[in-house]
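A.B. asks: Contents of upload_37.txt (compact mmCIF, C-alpha atoms):
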```txt
# COMPACT_ATOMS: atom_id res chain seq x y z
CA MET A 27 79.97 140.31 23.97
CA ARG A 28 77.39 137.65 23.15
CA GLU A 29 78.11 138.14 19.46
CA ARG A 30 81.74 137.65 20.14
CA VAL A 31 81.16 134.60 22.32
CA ARG A 32 78.97 133.07 19.64
CA ALA A 33 81.73 133.60 17.16
CA LEU A 34 84.23 132.11 19.57
CA VAL A 35 82.27 128.96 20.36
CA ARG A 36 81.98 127.99 16.74
CA PRO A 37 84.54 125.22 16.43
CA PRO A 38 87.28 124.64 15.51
CA LYS A 39 88.58 128.21 15.37
CA ASP A 40 90.30 128.41 18.73
CA PRO A 41 90.24 125.41 21.08
CA VAL A 42 91.65 127.42 23.99
CA LEU A 43 88.94 130.03 23.80
CA ALA A 44 86.33 127.33 23.27
CA ALA A 45 87.54 125.56 26.40
CA ALA A 46 87.48 128.83 28.34
CA VAL A 47 83.91 129.45 27.25
CA ALA A 48 82.94 125.89 28.18
CA LEU A 49 84.46 126.38 31.62
CA LEU A 50 82.62 129.66 31.99
CA VAL A 51 79.33 128.00 31.11
CA ALA A 52 80.04 125.24 33.64
CA ALA A 53 80.87 127.83 36.30
CA LEU A 54 77.67 129.66 35.44
CA CYS A 55 75.68 126.47 35.97
CA PHE A 56 77.36 125.84 39.32
CA ALA A 57 76.76 129.42 40.40
CA ALA A 58 73.10 129.18 39.45
CA TRP A 59 72.76 125.92 41.36
CA GLY A 60 74.57 127.35 44.37
CA GLY A 61 72.44 130.46 44.40
CA TRP A 62 69.26 128.47 44.11
CA SER A 63 70.33 126.11 46.85
CA TRP A 64 71.25 128.99 49.14
CA HIS A 65 67.97 130.73 48.47
CA ALA A 66 66.00 127.53 49.09
CA ALA A 67 67.82 126.89 52.37
CA ALA A 68 67.30 130.46 53.57
CA ASP A 69 63.65 130.37 52.58
CA ASP A 70 62.92 126.97 54.17
CA GLY A 71 59.68 127.12 56.16
CA ALA A 72 60.62 124.13 58.31
CA ARG A 73 63.84 125.87 59.28
CA ALA A 74 62.01 129.03 60.32
CA TYR A 75 59.51 126.94 62.27
CA GLY A 76 62.33 125.03 63.95
CA GLU A 77 64.02 128.27 64.95
CA SER A 78 60.74 129.60 66.32
CA ARG A 79 60.36 126.40 68.32
CA ASP A 80 63.82 126.74 69.82
CA ARG A 81 63.26 130.39 70.71
CA ALA A 82 59.90 129.61 72.34
CA LEU A 83 61.41 126.71 74.25
CA SER A 84 64.29 128.73 75.61
CA ALA A 85 61.86 131.50 76.57
CA ALA A 86 59.80 128.89 78.43
CA GLU A 87 62.87 127.60 80.26
CA GLN A 88 64.08 131.07 81.11
CA GLY A 89 60.63 132.30 82.10
CA VAL A 90 59.90 129.37 84.38
CA GLN A 91 63.30 129.71 85.98
CA ASN A 92 62.76 133.46 86.49
CA LEU A 93 59.33 132.97 88.03
CA ASN A 94 60.70 130.43 90.47
CA THR A 95 63.58 132.60 91.58
CA LEU A 96 63.29 135.29 94.23
CA ASP A 97 65.62 136.73 96.85
CA HIS A 98 64.07 138.62 99.77
CA ARG A 99 67.07 140.98 99.80
CA ASN A 100 66.28 142.01 96.27
CA VAL A 101 62.56 141.56 95.84
CA ALA A 102 61.91 144.60 93.68
CA GLN A 103 64.47 143.53 91.12
CA GLY A 104 63.25 139.94 91.17
CA LEU A 105 59.66 140.97 90.63
CA SER A 106 60.67 143.26 87.80
CA THR A 107 62.26 140.24 86.15
CA TRP A 108 58.94 138.43 86.62
CA GLN A 109 57.18 141.28 84.87
CA ARG A 110 59.64 141.23 82.00
CA SER A 111 59.24 137.46 81.53
CA THR A 112 55.48 137.56 81.29
CA THR A 113 52.71 139.05 79.21
CA GLY A 114 48.93 139.22 79.09
CA GLU A 115 46.84 137.76 81.88
CA LEU A 116 49.76 136.33 83.83
CA ARG A 117 51.57 139.66 83.81
CA LYS A 118 48.43 141.37 85.06
CA GLN A 119 47.98 138.82 87.86
CA LEU A 120 51.56 139.26 88.98
CA ALA A 121 51.29 143.05 88.88
CA ASP A 122 48.07 142.96 90.92
CA GLY A 123 49.53 140.74 93.61
CA ARG A 124 52.91 142.39 93.65
CA GLY A 125 52.57 144.56 96.76
CA GLU A 126 51.18 141.81 98.95
CA PHE A 127 53.69 139.28 97.70
CA GLU A 128 56.60 141.62 98.28
CA LYS A 129 55.55 142.00 101.93
CA GLN A 130 55.25 138.25 102.42
CA VAL A 131 58.64 137.44 100.98
CA LYS A 132 60.33 140.18 102.96
CA ALA A 133 58.72 138.89 106.15
CA ALA A 134 59.64 135.27 105.48
CA LYS A 135 63.18 136.20 104.39
CA THR A 136 63.30 133.40 101.86
CA VAL A 137 65.71 132.92 99.01
CA THR A 138 64.32 130.73 96.26
CA ARG A 139 66.40 129.41 93.44
CA ALA A 140 65.27 127.33 90.49
CA LYS A 141 66.87 125.02 88.02
CA VAL A 142 65.12 123.74 84.93
CA LEU A 143 65.72 120.00 84.69
CA SER A 144 64.04 119.48 81.35
CA ALA A 145 61.56 121.24 79.12
CA ALA A 146 59.77 120.60 75.86
CA LEU A 147 57.11 122.27 73.74
CA TYR A 148 53.93 120.30 73.18
CA GLU A 149 52.47 122.76 70.70
CA LEU A 150 53.54 125.68 68.59
CA ASP A 151 51.27 127.83 66.47
CA GLU A 152 53.76 130.06 64.77
CA ARG A 153 51.16 132.07 62.90
CA ALA A 154 49.09 132.84 65.99
CA GLY A 155 52.25 133.35 68.03
CA ARG A 156 51.24 130.87 70.70
CA ALA A 157 53.07 127.93 72.21
CA GLY A 158 52.69 125.51 75.08
CA ALA A 159 55.43 123.82 77.05
CA VAL A 160 55.94 121.44 79.92
CA VAL A 161 58.83 122.14 82.25
CA ALA A 162 60.36 120.05 85.01
CA VAL A 163 61.85 122.41 87.53
CA ARG A 164 63.76 121.93 90.80
CA THR A 165 63.45 124.71 93.35
CA THR A 166 65.53 125.19 96.45
CA VAL A 167 64.15 127.39 99.21
CA ASN A 168 66.44 128.85 101.85
CA ALA A 169 64.69 130.31 104.88
CA PRO A 170 66.45 131.63 107.97
CA LYS A 171 67.20 129.01 110.67
CA GLN A 172 65.91 126.25 108.49
CA LYS A 173 67.46 123.57 106.36
CA PRO A 174 67.17 124.35 102.66
CA THR A 175 64.34 122.43 101.08
CA THR A 176 64.42 121.12 97.54
CA LYS A 177 61.32 120.37 95.59
CA ASP A 178 60.69 119.11 92.08
CA THR A 179 57.75 120.66 90.33
CA ARG A 180 55.97 119.76 87.12
CA MET A 181 54.79 122.82 85.31
CA ARG A 182 52.75 123.61 82.25
CA CYS A 183 53.04 126.99 80.65
CA GLU A 184 51.71 128.91 77.71
CA LEU A 185 53.72 131.38 75.73
CA THR A 186 52.70 134.29 73.58
CA ARG A 187 54.91 136.01 71.06
CA THR A 188 55.33 139.72 71.69
CA SER A 189 57.45 142.38 70.06
CA GLY A 190 60.00 141.61 72.77
CA GLY A 191 60.08 137.89 71.98
CA TRP A 192 58.24 134.93 73.48
CA LYS A 193 56.85 135.50 76.97
CA LEU A 194 54.89 133.45 79.47
CA SER A 195 51.16 134.13 79.37
CA ALA A 196 50.08 131.30 81.68
CA LEU A 197 51.85 129.13 84.20
CA ALA A 198 50.52 126.39 86.44
CA GLN A 199 51.71 123.41 88.38
CA VAL A 200 50.50 120.09 87.09
CA PRO A 201 48.49 118.73 90.01
CA VAL A 202 49.06 115.19 91.22
CA GLY A 203 46.28 112.73 90.71
CA ASP A 204 44.10 114.78 88.39
CA SER A 205 43.86 111.75 86.18
CA ALA A 206 44.49 109.04 88.82
CA GLY A 207 44.61 106.27 86.27
CA GLU A 208 41.22 106.98 84.75
CA SER A 209 41.55 109.52 81.97
CA GLU A 210 43.09 108.98 78.57
CA PRO A 211 46.86 109.35 78.45
CA GLY A 212 48.80 111.80 76.37
CA THR A 213 46.35 114.66 76.70
CA SER A 214 48.62 117.54 77.38
CA ASP A 215 46.08 120.15 76.38
CA GLN A 216 43.85 119.80 79.44
CA ASP A 217 45.58 122.88 80.61
CA GLN A 218 44.87 124.56 83.90
CA GLY A 219 46.74 127.66 82.90
CA LYS A 220 44.32 128.63 80.16
CA GLU A 221 42.37 131.82 80.52
CA MET B 13 99.24 128.91 17.42
CA PRO B 14 98.76 125.62 15.62
CA THR B 15 96.34 126.98 13.04
CA THR B 16 97.78 126.51 9.61
CA ARG B 17 97.45 128.95 6.84
CA HIS B 18 95.37 126.92 4.41
CA LEU B 19 92.90 126.21 7.21
CA LEU B 20 92.51 129.87 7.92
CA ASN B 21 92.01 130.59 4.27
CA ARG B 22 89.35 127.90 4.03
CA GLN B 23 87.53 129.43 6.94
CA ARG B 24 87.72 132.80 5.40
CA ARG B 25 86.30 131.50 2.15
CA LEU B 26 83.44 129.80 3.97
CA ALA B 27 82.73 132.91 5.94
CA ALA B 28 82.73 135.00 2.78
CA ARG B 29 80.28 132.64 1.10
CA THR B 30 77.76 132.83 3.91
CA ALA B 31 78.21 136.54 4.22
CA GLU B 32 77.50 137.34 0.61
CA PRO B 33 74.14 137.16 -1.14
CA ASP B 34 72.25 134.57 0.83
CA THR B 35 69.65 136.62 2.76
CA ALA B 36 67.85 133.53 4.11
CA GLU B 37 70.72 132.83 6.47
CA SER B 38 70.17 135.64 8.85
CA PRO B 39 72.85 136.11 11.47
CA PRO B 40 75.99 135.95 9.30
CA ALA B 41 74.30 137.65 6.36
CA GLU B 42 73.34 140.65 8.42
CA ARG B 43 76.90 141.49 8.91
CA PRO B 44 78.33 143.79 6.24
CA PRO B 45 81.16 142.01 4.39
CA GLY B 46 83.71 144.58 5.38
CA ASP B 47 82.82 144.20 9.02
CA ARG B 48 83.32 140.47 8.77
CA ARG B 49 86.82 140.04 9.99
CA THR B 50 87.28 142.96 12.27
CA PRO B 51 86.28 142.39 15.88
CA HIS B 52 84.74 138.92 15.70
CA ALA B 53 87.67 137.20 14.18
CA PRO B 54 90.33 137.53 16.81
CA THR B 55 91.51 134.00 16.06
CA GLN B 56 92.89 134.90 12.70
CA VAL B 57 96.26 135.98 13.75
CA GLY B 58 99.78 135.68 12.51
CA HIS B 59 101.03 136.12 8.97
CA ALA B 60 97.66 135.22 7.45
CA ASP B 61 96.50 138.65 8.40
CA ALA B 62 99.44 140.31 6.85
CA GLU B 63 98.11 139.40 3.38
CA GLN B 64 95.38 141.98 3.58
CA GLY B 65 95.94 145.56 4.56
CA ALA B 66 92.43 145.99 6.01
CA GLU B 67 93.24 143.49 8.74
CA PRO B 68 93.86 144.80 12.24
CA ASP B 69 97.36 144.73 13.52
CA PRO B 70 98.27 141.11 14.47
CA VAL B 71 99.69 142.28 17.77
CA ARG B 72 96.48 144.09 18.57
CA ALA B 73 94.45 141.02 17.62
CA ARG B 74 96.55 138.82 19.87
CA ARG B 75 96.19 141.30 22.66
CA ARG B 76 92.48 141.38 22.17
CA ARG B 77 92.29 137.60 22.29
CA ASN B 78 94.32 137.53 25.46
CA ARG B 79 92.09 140.13 27.00
CA VAL B 80 89.01 138.07 26.14
CA LEU B 81 90.67 134.98 27.59
CA ALA B 82 91.55 136.86 30.75
CA ALA B 83 88.02 138.20 31.09
CA LEU B 84 86.61 134.71 30.62
CA ALA B 85 89.00 133.30 33.20
CA LEU B 86 88.14 136.04 35.67
CA LEU B 87 84.41 135.50 35.21
CA THR B 88 84.87 131.76 35.58
CA VAL B 89 86.78 132.21 38.80
CA LEU B 90 84.25 134.69 40.18
CA LEU B 91 81.30 132.49 39.33
CA GLY B 92 83.07 129.46 40.73
CA ALA B 93 83.83 131.32 43.94
CA PHE B 94 80.22 132.42 44.23
CA ALA B 95 79.01 128.87 43.62
CA GLY B 96 81.30 127.54 46.34
CA TRP B 97 80.33 130.25 48.79
CA ALA B 98 76.60 129.89 48.14
CA GLY B 99 76.84 126.13 48.47
CA ALA B 100 78.65 126.49 51.78
CA ARG B 101 76.07 128.99 53.08
CA ALA B 102 73.25 126.63 52.05
CA GLY B 103 74.99 123.78 53.83
CA GLU B 104 75.44 125.90 56.95
CA LEU B 105 71.77 126.88 56.93
CA ARG B 106 70.72 123.27 56.56
CA ASP B 107 73.06 122.04 59.25
CA THR B 108 71.94 124.13 62.20
CA GLU B 109 70.69 122.61 65.42
CA ALA B 110 67.20 123.94 64.68
CA VAL B 111 67.06 122.06 61.38
CA ARG B 112 68.53 118.80 62.67
CA ASN B 113 65.88 118.67 65.38
CA SER B 114 62.57 117.70 63.80
CA ALA B 115 60.47 117.82 66.97
CA LEU B 116 57.19 119.58 66.05
CA THR B 117 58.45 120.45 62.56
CA ASP B 118 57.72 116.87 61.53
CA THR B 119 54.25 116.57 63.00
CA ALA B 120 53.64 112.95 61.99
CA ARG B 121 56.90 111.75 63.48
CA THR B 122 56.39 113.88 66.60
CA SER B 123 52.96 112.47 67.36
CA GLU B 124 54.21 108.97 66.60
CA VAL B 125 57.05 109.35 69.11
CA LYS B 126 54.73 110.90 71.67
CA GLY B 127 52.21 108.09 71.32
CA LYS B 128 54.79 105.30 71.48
CA VAL B 129 56.57 106.74 74.51
CA THR B 130 53.26 107.32 76.30
CA GLU B 131 52.23 103.71 75.72
CA ALA B 132 55.64 102.47 76.75
CA VAL B 133 55.79 104.45 80.00
CA ASN B 134 52.26 103.39 80.92
CA ALA B 135 53.18 99.74 80.41
CA LEU B 136 56.66 99.87 81.93
CA PHE B 137 55.57 101.50 85.17
CA SER B 138 52.36 99.63 85.74
CA TYR B 139 52.42 96.49 87.84
CA ASP B 140 49.84 94.06 89.01
CA HIS B 141 50.82 91.45 91.58
CA ALA B 142 48.31 89.09 89.97
CA ALA B 143 50.11 89.28 86.63
CA PRO B 144 53.76 90.18 87.20
CA ARG B 145 54.70 88.71 83.84
CA LYS B 146 52.96 91.53 82.07
CA ASN B 147 55.43 94.09 83.34
CA ARG B 148 58.40 91.84 82.53
CA ASP B 149 57.11 91.27 79.02
CA ALA B 150 56.74 95.00 78.52
CA ALA B 151 60.32 95.51 79.71
CA GLY B 152 61.58 92.90 77.26
CA ARG B 153 59.61 94.39 74.40
CA LEU B 154 60.11 98.12 74.99
CA LEU B 155 63.56 98.57 76.49
CA THR B 156 67.05 98.57 75.09
CA GLY B 157 70.55 99.61 76.17
CA PRO B 158 71.03 101.28 79.55
CA ALA B 159 67.28 101.59 80.09
CA VAL B 160 67.09 97.86 80.84
CA ALA B 161 69.17 98.26 84.00
CA GLN B 162 67.60 101.63 84.90
CA HIS B 163 64.12 100.15 84.71
CA ALA B 164 65.12 97.07 86.68
CA ARG B 165 66.55 99.30 89.42
CA LEU B 166 63.43 101.49 89.54
CA LEU B 167 61.12 98.51 89.80
CA ASP B 168 63.34 96.38 92.01
CA GLY B 169 61.50 97.01 95.29
CA LEU B 170 58.17 96.72 93.60
CA ARG B 171 58.97 93.31 92.14
CA LYS B 172 60.36 91.99 95.42
CA GLN B 173 57.44 93.02 97.60
CA GLY B 174 54.71 93.24 95.02
CA GLU B 175 53.31 89.77 95.40
CA LYS B 176 53.59 89.75 99.21
CA GLN B 177 51.87 93.10 99.55
CA LYS B 178 49.35 92.49 96.80
CA LEU B 179 50.45 95.62 95.08
CA VAL B 180 48.87 97.24 92.08
CA LEU B 181 50.55 100.23 90.48
CA THR B 182 48.90 102.07 87.64
CA THR B 183 50.83 104.71 85.77
CA THR B 184 49.04 107.14 83.48
CA VAL B 185 50.96 109.63 81.42
CA THR B 186 49.26 113.02 81.63
CA ASP B 187 51.72 115.08 79.61
CA ALA B 188 54.27 114.09 77.02
CA ALA B 189 56.21 116.59 74.94
CA VAL B 190 58.93 115.82 72.44
CA GLU B 191 62.08 117.81 73.08
CA ARG B 192 64.02 116.61 70.06
CA ILE B 193 64.02 114.10 67.25
CA SER B 194 67.19 113.59 65.28
CA SER B 195 68.54 111.21 62.72
CA ALA B 196 72.16 110.15 62.68
CA ASP B 197 73.85 107.07 61.24
CA GLY B 198 70.48 105.93 59.93
CA LYS B 199 69.04 105.85 63.44
CA ASP B 200 66.18 108.01 64.67
CA ARG B 201 66.46 109.18 68.25
CA ALA B 202 64.06 111.17 70.35
CA ARG B 203 63.93 112.74 73.77
CA VAL B 204 60.56 113.12 75.43
CA LEU B 205 59.63 114.80 78.70
CA VAL B 206 56.89 112.85 80.44
CA PHE B 207 54.66 113.72 83.37
CA ALA B 208 52.70 110.81 84.80
CA ASP B 209 50.27 110.12 87.59
CA GLN B 210 50.75 106.96 89.56
CA ARG B 211 48.21 105.27 91.74
CA SER B 212 49.43 102.50 93.92
CA THR B 213 47.83 100.42 96.58
CA ARG B 214 50.00 99.88 99.63
CA THR B 215 53.48 100.87 98.71
CA GLY B 216 55.64 103.37 96.84
CA ALA B 217 55.95 104.07 93.20
CA ALA B 218 58.69 104.32 90.66
CA GLY B 219 60.18 107.56 89.55
CA ARG B 220 60.32 110.84 91.42
CA THR B 221 57.24 111.13 93.56
CA ASP B 222 55.22 113.66 95.43
CA SER B 223 53.11 111.26 97.38
CA ALA B 224 49.70 111.99 98.76
CA ALA B 225 48.15 109.10 100.65
CA ALA B 226 44.45 108.56 100.19
CA ASP B 227 41.99 107.01 102.61
CA ASP B 228 41.27 103.94 100.55
CA GLY B 229 44.80 102.60 100.96
CA SER B 230 45.85 104.01 97.60
CA ALA B 231 48.64 106.50 97.21
CA TYR B 232 48.78 109.03 94.42
CA ALA B 233 52.03 110.31 93.14
CA GLY B 234 53.19 112.50 90.34
CA ALA B 235 56.23 111.44 88.39
CA MET B 236 58.40 113.26 85.89
CA LEU B 237 60.92 111.62 83.64
CA ALA B 238 62.90 112.36 80.54
CA VAL B 239 62.95 109.40 78.21
CA ASP B 240 65.34 108.75 75.33
CA ALA B 241 63.87 106.55 72.63
CA VAL B 242 65.53 105.01 69.62
CA ARG B 243 63.84 103.57 66.58
CA THR B 244 64.78 100.01 65.61
CA GLY B 245 62.99 98.94 62.46
CA ALA B 246 59.35 99.88 62.78
CA SER B 247 59.24 100.13 66.56
CA TRP B 248 60.52 102.63 69.07
CA ARG B 249 62.35 101.37 72.13
CA ILE B 250 63.30 103.26 75.23
CA ASN B 251 67.02 103.63 75.51
CA SER B 252 67.39 105.71 78.65
CA ILE B 253 65.19 106.80 81.54
CA ASP B 254 66.18 109.94 83.41
CA THR B 255 64.34 110.44 86.70
CA PHE B 256 66.42 113.55 87.57
CA ASP B 257 67.86 111.97 90.73
```
Can I see the file as structure tokens?

C.D. replies:
Amino acid sequence: MRERVRALVRPPKDPVLAAAVALLVAALCFAAWGGWSWHAAADDGARAYGESRDRALSAAEQGVQNLNTLDHRNVAQGLSTWQRSTTGELRKQLADGRGEFEKQVKAAKTVTRAKVLSAALYELDERAGRAGAVVAVRTTVNAPKQKPTTKDTRMRCELTRTSGGWKLSALAQVPVGDSAGESEPGTSDQDQGKE
Amino acid sequence: MPTTRHLLNRQRRLAARTAEPDTAESPPAERPPGDRRTPHAPTQVGHADAEQGAEPDPVRARRRRNRVLAALALLTVLLGAFAGWAGARAGELRDTEAVRNSALTDTARTSEVKGKVTEAVNALFSYDHAAPRKNRDAAGRLLTGPAVAQHARLLDGLRKQGEKQKLVLTTTVTDAAVERISSADGKDRARVLVFADQRSTRTGAAGRTDSAAADDGSAYAGAMLAVDAVRTGASWRINSIDTFD
């Protein structure tokens, strides 16, 4: 084939064939460029990191929402969701306190619902499989014979990557006044939720 | 076929000369002379071939040429199709939401945004009755678009009563995390979630608050806001303030 092509390209034997070969070469160049471009885009580290970030963030949103949602009529199922959303130390804490908590909620007959207002990651270590997020959440608590109460909570959480995806490994409210105008701003790593 | 006969003959003569004794010229010389015009001369068609009996059938030669042309065309089309498809896939991969958002992926830009927004929120929501101009200057310097009115509304009460009540409000951002940074139409935009502590003497604070009065006449409150910032030239300005009301 190559022999034949070489013979064909030698001008001016057959301009039509020569043109066809030229077109083929051009197409080959385009195909090579396209393939390289596709490979580069698929292999882009920043893209993988960005996708990791988005997965961790949506796990944080979902996890915080899950852990702020509980219906006394369906406590067992709700607490199982808590277990599924968490890992490590936090999961252990929840499992340890589960029995007591179940009793309390059943006695109080509360229905708690949560809505994530906004959330963002402040750190992501993709290699270590750890991330940290801040979440603004609004919870509404319905208790019998009481007006529903709505509360906005500022939360910090840590996430750990597991075989089942990103899960919460620490969760804490951001207390009011822990800096009170004295400490340096922008220090989101003074985390209470750390082990 | 526009190839004239004398042209073909000239070519044949040239080919014969290179094919004969000259061993220094390798690729044509390697070919045995008899082999010379069989498969690699599909262009020599028509009555020129009829002169020599060793020539392949002109119809077969033409067919062969057409087959080669068809194969070339097919390959060209296939390669072209692949190029187009691969280019489209690459474009798709580069145009996902995850790629357009450079929060955390661009660490320098992320920390720049975080720092600027932290500074801005601290300045915009701090007020001292002794120097009310400071807050107004910050508003003029750091705000743009709808944020101007939003900020004015949030600080309205404070400005009215501030001097009378000798009010001092200090806002300190405790957490700031960048939700997204994107570039469109040559403009960089960012959305940042901010948690701040506010200490005020005497009266309320801006933003959503969970107040806890202290004995010394100061009140502490925690605020949370989502801030949209836009870059104009070298500086970032706050374009929108969402207090989740």

A.B. asks: Could you tell me which residues of chain B sit within 8 Å of chain A when counting only C-alpha atoms, and give me the result as an NGL selection string?

C.D. replies: :B and (51-53 or 55 or 81 or 84-85 or 87-89 or 91-92 or 94-99 or 101-103 or 105-106 or 110-111 or 113-114 or 116-117 or 126-127 or 130 or 182-191 or 204-205 or 207 or 209-211 or 222 or 232-234 or 236 or 238 or 256)

A.B. asks: So that I can see what lies close to Lys132 of chain A, please list as a ChimeraX atom specification the residues with an atom at most 12 Å from it, counting all atoms listed in the file and leaving out residues fewer than 5 positions away in the same chain.

C.D. replies: /A:96-102,125-127,137,169-170

A.B. asks: Report, in Å with one decimal, the straight-line distance from atom CA of Lys178 of chain B to atom CA of Ile250 of chain B.

C.D. replies: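 We find that atom CA of Lys178 of chain B and atom CA of Ile250 of chain B lie 27.9 Å from each other.
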
A.B. asks: Work out how far apart atom CA of Glu184 of chain A and atom CA of Thr255 of chain B are and give it in Å to one decimal.

C.D. replies: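 Atom CA of Thr255 of chain B lies at a distance of 24.1 Å from atom CA of Glu184 of chain A.
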
A.B. asks: So how far away is atom CA of Val206 of chain B from atom CA of Gln177 of chain B, in Å?

C.D. replies: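 Interatomic distance, atom CA of Gln177 of chain B to atom CA of Val206 of chain B: 27.9 Å.
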
A.B. asks: Give the answer as one residue: which of A:Val90, A:Val142, A:Cys183, A:Ala134 has the shortest atom-to-atom distance to Arg156 of chain A, using all atoms listed in the file?

C.D. replies: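 Among the listed residues, A:Cys183 lies closest to Arg156 of chain A.
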
A.B. asks: Please enclose the listed atoms of segment 249-257 of chain B in an axis-aligned box, pad each side by 4 Å, and write out the centre and the three edge lengths in Å, rounded to one decimal, as AutoDock Vina command-line options.

C.D. replies:
```
--center_x 65.1 --center_y 107.5 --center_z 81.4 --size_x 13.5 --size_y 20.2 --size_z 26.6
```

A.B. asks: Counting all atoms listed in the file, which residues come within 12 Å of (62.2, 142.3, 87.9), with the point read in the file's coordinates, and could you list them as a compact mmCIF listing (two decimals) with C-alpha atoms, keeping the file's coordinate frame?

C.D. replies:
```txt
# COMPACT_ATOMS: atom_id res chain seq x y z
CA GLY A 89 60.63 132.30 82.10
CA ASN A 92 62.76 133.46 86.49
CA LEU A 93 59.33 132.97 88.03
CA THR A 95 63.58 132.60 91.58
CA LEU A 96 63.29 135.29 94.23
CA ASP A 97 65.62 136.73 96.85
CA ASN A 100 66.28 142.01 96.27
CA VAL A 101 62.56 141.56 95.84
CA ALA A 102 61.91 144.60 93.68
CA GLN A 103 64.47 143.53 91.12
CA GLY A 104 63.25 139.94 91.17
CA LEU A 105 59.66 140.97 90.63
CA SER A 106 60.67 143.26 87.80
CA THR A 107 62.26 140.24 86.15
CA TRP A 108 58.94 138.43 86.62
CA GLN A 109 57.18 141.28 84.87
CA ARG A 110 59.64 141.23 82.00
CA SER A 111 59.24 137.46 81.53
CA THR A 112 55.48 137.56 81.29
CA ARG A 117 51.57 139.66 83.81
CA LEU A 120 51.56 139.26 88.98
CA ALA A 121 51.29 143.05 88.88
CA ARG A 124 52.91 142.39 93.65
CA GLU A 128 56.60 141.62 98.28
```
